[in-house]
Amino acid sequence: MQNSQILAHVITEPIAIENQSLSIIESRINYSGQRENLDIIKRVIHATADFDFLENLQFTENVIFNTREILRTGKNHVIVTDTEMLKSGINKNITQKFGIEIFCNSSNPEVKRESQERKITRAIVNIEHAAEKFPNAIYAIGNAPTALIRLCELVQEKAANPALIIGVPVGFVNVIEAKNFLEALENIPKIISRGNKGGSTVACAIVNAILYGL
């Protein structure tokens, strides 16, 4: 069968593909938690095809509802990301509509220079700069556990008080330690992926799922 003949028998409209995917996902999961959390979980599974995230993602109470209210009412209009990749994947139509700024300084030459001089990751420097400018921002970390550890230190030092921390770095070095540090912080709204799983794709899916609910 030629490619054109194959395409004639499959779903090709993007919105139809997405809707059917989400329908399939919902039919395969049984979730008894808050409905707003399910919106996030479905989007993460849709982005990763990994149903482990049904049990893997951890939410503080009412975190999705409260974050959306913050973004709607204009109390917080900044989302800080640990990588340019994550920044680029966030839905710009929605952020522009609600006047939400997305901040990531990791590609700045000065950040690179400082990280080399201090022998630390650029992600750490990026987070430090962000905390100085936007101590109450929403922070999304999907790639750099060192950034998450530094952010948690800044919270302990009272140098930052984020409206939300999405802590879903992926990997094997510093990852579990970073997530445990975040989990231990009190009075900070948070979303965490347990274990080694996570990534910029997961963080992006979480941010966009929150934004879609606006």
# chains A, B, ... in the order shown; residues from 1 in each chain; ligands from 1
$ residues_around --residues "A:Ala140" --least-positions-apart "4" --cutoff "7 Å" --atoms "only C-alpha atoms" --output "list of chain:residue names"
A:Val80, A:Thr81, A:Asp82, A:Ile165, A:Ile166, A:Gly167, A:Ala203
$ select_by_dssp --residues "stretch 118-209 of chain A" --states "alpha helix (DSSP H)" --output "ChimeraX atom specification"
/A:118,122-133,145-156,175-184,200-209
$ atom_distance --atom1 "atom CA of A:Ile29" --atom2 "atom CA of A:Gln58"
16.2 Å
$ closest_residue --among "A:Arg72, A:Lys179, A:Lys92, A:His129" --to "A:Glu110" --atoms "only C-alpha atoms"
A:His129
$ select_by_dssp --residues "chain A" --states "strand (DSSP E)" --output "VMD selection string"
chain A and resid 57 to 59 78 to 81 101 to 103 138 to 141 164 to 167 190 to 193
$ atom_distance --atom1 "atom CA of A:Gly213" --atom2 "atom CA of A:Thr67"
10.2 Å
$ residues_around --residues "A:Arg150" --least-positions-apart "5" --cutoff "8 Å" --atoms "only C-alpha atoms" --output "MDAnalysis selection string"
chainID A and resid 124 127:128
$ write_last_selection --atoms "N, CA, C and O atoms" --output "compact mmCIF listing (two decimals), in the first residue's frame"
# COMPACT_ATOMS: atom_id res chain seq x y z
N ILE A 124 22.68 26.50 37.88
CA ILE A 124 22.72 27.10 39.22
C ILE A 124 22.75 28.62 39.12
O ILE A 124 22.00 29.33 39.81
N ILE A 127 19.41 30.04 38.10
CA ILE A 127 18.44 30.05 39.19
C ILE A 127 18.74 31.17 40.18
O ILE A 127 17.83 31.84 40.68
N GLU A 128 20.01 31.39 40.46
CA GLU A 128 20.38 32.48 41.38
C GLU A 128 19.96 33.82 40.82
O GLU A 128 19.41 34.67 41.55
$ residues_around --residues "stretch 184-187 of chain A" --least-positions-apart "3" --cutoff "10 Å" --atoms "only C-alpha atoms" --output "mmCIF file with N, CA, C and O atoms, in the first residue's frame"
data_model
loop_
_atom_site.group_PDB
_atom_site.id
_atom_site.type_symbol
_atom_site.label_atom_id
_atom_site.label_comp_id
_atom_site.auth_asym_id
_atom_site.auth_seq_id
_atom_site.Cartn_x
_atom_site.Cartn_y
_atom_site.Cartn_z
ATOM 1 N N THR A 60 1.189 18.767 46.045
ATOM 2 C CA THR A 60 0.659 19.303 47.288
ATOM 3 C C THR A 60 -0.812 19.662 47.070
ATOM 4 O O THR A 60 -1.274 19.853 45.947
ATOM 5 N N CYS A 152 16.151 25.173 46.357
ATOM 6 C CA CYS A 152 15.712 24.771 47.699
ATOM 7 C C CYS A 152 16.561 25.458 48.774
ATOM 8 O O CYS A 152 16.038 25.871 49.825
ATOM 9 N N GLU A 153 17.858 25.593 48.516
ATOM 10 C CA GLU A 153 18.720 26.322 49.458
ATOM 11 C C GLU A 153 18.282 27.773 49.586
ATOM 12 O O GLU A 153 18.233 28.335 50.697
ATOM 13 N N VAL A 155 15.337 28.954 49.124
ATOM 14 C CA VAL A 155 14.093 28.983 49.908
ATOM 15 C C VAL A 155 14.426 28.913 51.395
ATOM 16 O O VAL A 155 13.867 29.673 52.204
ATOM 17 N N GLN A 156 15.330 28.023 51.779
ATOM 18 C CA GLN A 156 15.724 27.909 53.179
ATOM 19 C C GLN A 156 16.362 29.203 53.688
ATOM 20 O O GLN A 156 16.194 29.568 54.853
ATOM 21 N N ASN A 161 10.740 32.647 47.588
ATOM 22 C CA ASN A 161 9.498 32.062 48.108
ATOM 23 C C ASN A 161 8.577 31.771 46.925
ATOM 24 O O ASN A 161 7.589 32.465 46.691
ATOM 25 N N LYS A 179 15.154 15.928 44.694
ATOM 26 C CA LYS A 179 13.716 15.754 44.909
ATOM 27 C C LYS A 179 13.388 15.552 46.390
ATOM 28 O O LYS A 179 12.363 16.056 46.875
ATOM 29 N N ASN A 180 14.245 14.838 47.094
ATOM 30 C CA ASN A 180 14.028 14.673 48.534
ATOM 31 C C ASN A 180 14.141 16.009 49.257
ATOM 32 O O ASN A 180 13.399 16.281 50.214
ATOM 33 N N PHE A 181 15.078 16.835 48.835
ATOM 34 C CA PHE A 181 15.255 18.172 49.413
ATOM 35 C C PHE A 181 13.980 18.988 49.209
ATOM 36 O O PHE A 181 13.458 19.611 50.147
ATOM 37 N N LYS A 190 4.196 22.455 45.419
ATOM 38 C CA LYS A 190 5.166 21.713 44.625
ATOM 39 C C LYS A 190 4.518 20.579 43.852
ATOM 40 O O LYS A 190 3.479 20.041 44.245
#
$ closest_residue --among "A:Val111, A:Ile40, A:Ile15, A:Ala47" --to "A:Gly89" --atoms "only C-alpha atoms"
A:Ala47
$ closest_residue --among "A:Asn30, A:Asn19, A:Asn136, A:Asn143" --to "A:Cys204" --atoms "only C-alpha atoms"
A:Asn143
$ atom_distance --atom1 "atom CA of A:Ile79" --atom2 "atom CA of A:Ala160"
13.7 Å
$ residues_around --residues "A:Lys197" --least-positions-apart "2" --cutoff "7 Å" --atoms "only C-alpha atoms" --output "NGL selection string"
:A and (170-171 or 193-195 or 199)
$ write_last_selection --atoms "N, CA, C and O atoms" --output "mmCIF file, in the first residue's frame"
data_model
loop_
_atom_site.group_PDB
_atom_site.id
_atom_site.type_symbol
_atom_site.label_atom_id
_atom_site.label_comp_id
_atom_site.auth_asym_id
_atom_site.auth_seq_id
_atom_site.Cartn_x
_atom_site.Cartn_y
_atom_site.Cartn_z
ATOM 1 N N VAL A 170 15.513 14.782 35.524
ATOM 2 C CA VAL A 170 15.701 13.396 35.121
ATOM 3 C C VAL A 170 17.172 13.030 35.251
ATOM 4 O O VAL A 170 18.044 13.886 35.110
ATOM 5 N N GLY A 171 17.466 11.769 35.523
ATOM 6 C CA GLY A 171 18.852 11.334 35.530
ATOM 7 C C GLY A 171 19.201 10.491 36.736
ATOM 8 O O GLY A 171 18.318 9.971 37.435
ATOM 9 N N SER A 193 8.240 14.600 40.543
ATOM 10 C CA SER A 193 8.230 13.244 39.986
ATOM 11 C C SER A 193 9.184 12.394 40.818
ATOM 12 O O SER A 193 10.357 12.734 40.974
ATOM 13 N N ARG A 194 8.673 11.329 41.366
ATOM 14 C CA ARG A 194 9.500 10.483 42.228
ATOM 15 C C ARG A 194 10.550 9.732 41.418
ATOM 16 O O ARG A 194 10.359 9.430 40.250
ATOM 17 N N GLY A 195 11.659 9.413 42.078
ATOM 18 C CA GLY A 195 12.675 8.583 41.453
ATOM 19 C C GLY A 195 13.479 9.327 40.396
ATOM 20 O O GLY A 195 13.612 10.545 40.424
ATOM 21 N N GLY A 199 12.249 15.076 33.323
ATOM 22 C CA GLY A 199 12.798 15.637 32.103
ATOM 23 C C GLY A 199 12.088 16.905 31.679
ATOM 24 O O GLY A 199 11.014 17.251 32.177
#
$ closest_residue --among "A:Met85, A:Ile176, A:Val125, A:Val207" --to "A:Asn108" --atoms "only C-alpha atoms"
A:Val125
$ residues_around --residues "stretch 93-103 of chain A" --least-positions-apart "6" --cutoff "10 Å" --atoms "only C-alpha atoms" --output "ChimeraX atom specification"
/A:71-74,76-84,86-87,126-127,130,133-134,137-139,208,211-212,214
$ residues_around --residues "A:Leu54" --least-positions-apart "4" --cutoff "8 Å" --atoms "only C-alpha atoms" --output "PDB file with N, CA and C atoms, in the first residue's frame"
ATOM      1  N   ILE A  29      -6.735   4.569  32.937  1.00  0.00           N
ATOM      2  CA  ILE A  29      -6.273   4.924  34.273  1.00  0.00           C
ATOM      3  C   ILE A  29      -7.441   5.060  35.241  1.00  0.00           C
ATOM      4  N   TYR A  31      -7.976   7.080  38.731  1.00  0.00           N
ATOM      5  CA  TYR A  31      -7.349   8.050  39.618  1.00  0.00           C
ATOM      6  C   TYR A  31      -8.384   8.615  40.588  1.00  0.00           C
ATOM      7  N   ILE A  41      -1.639  14.870  34.955  1.00  0.00           N
ATOM      8  CA  ILE A  41      -1.162  13.505  34.750  1.00  0.00           C
ATOM      9  C   ILE A  41      -1.425  13.041  33.324  1.00  0.00           C
ATOM     10  N   ILE A  45       1.438  11.852  30.632  1.00  0.00           N
ATOM     11  CA  ILE A  45       1.391  10.538  29.981  1.00  0.00           C
ATOM     12  C   ILE A  45       1.298  10.705  28.470  1.00  0.00           C
TER      13      ILE A  45
END
$ closest_residue --among "A:Leu22, A:Cys104, A:Ala159, A:Ala144" --to "A:Ala131" --atoms "only C-alpha atoms"
A:Ala159
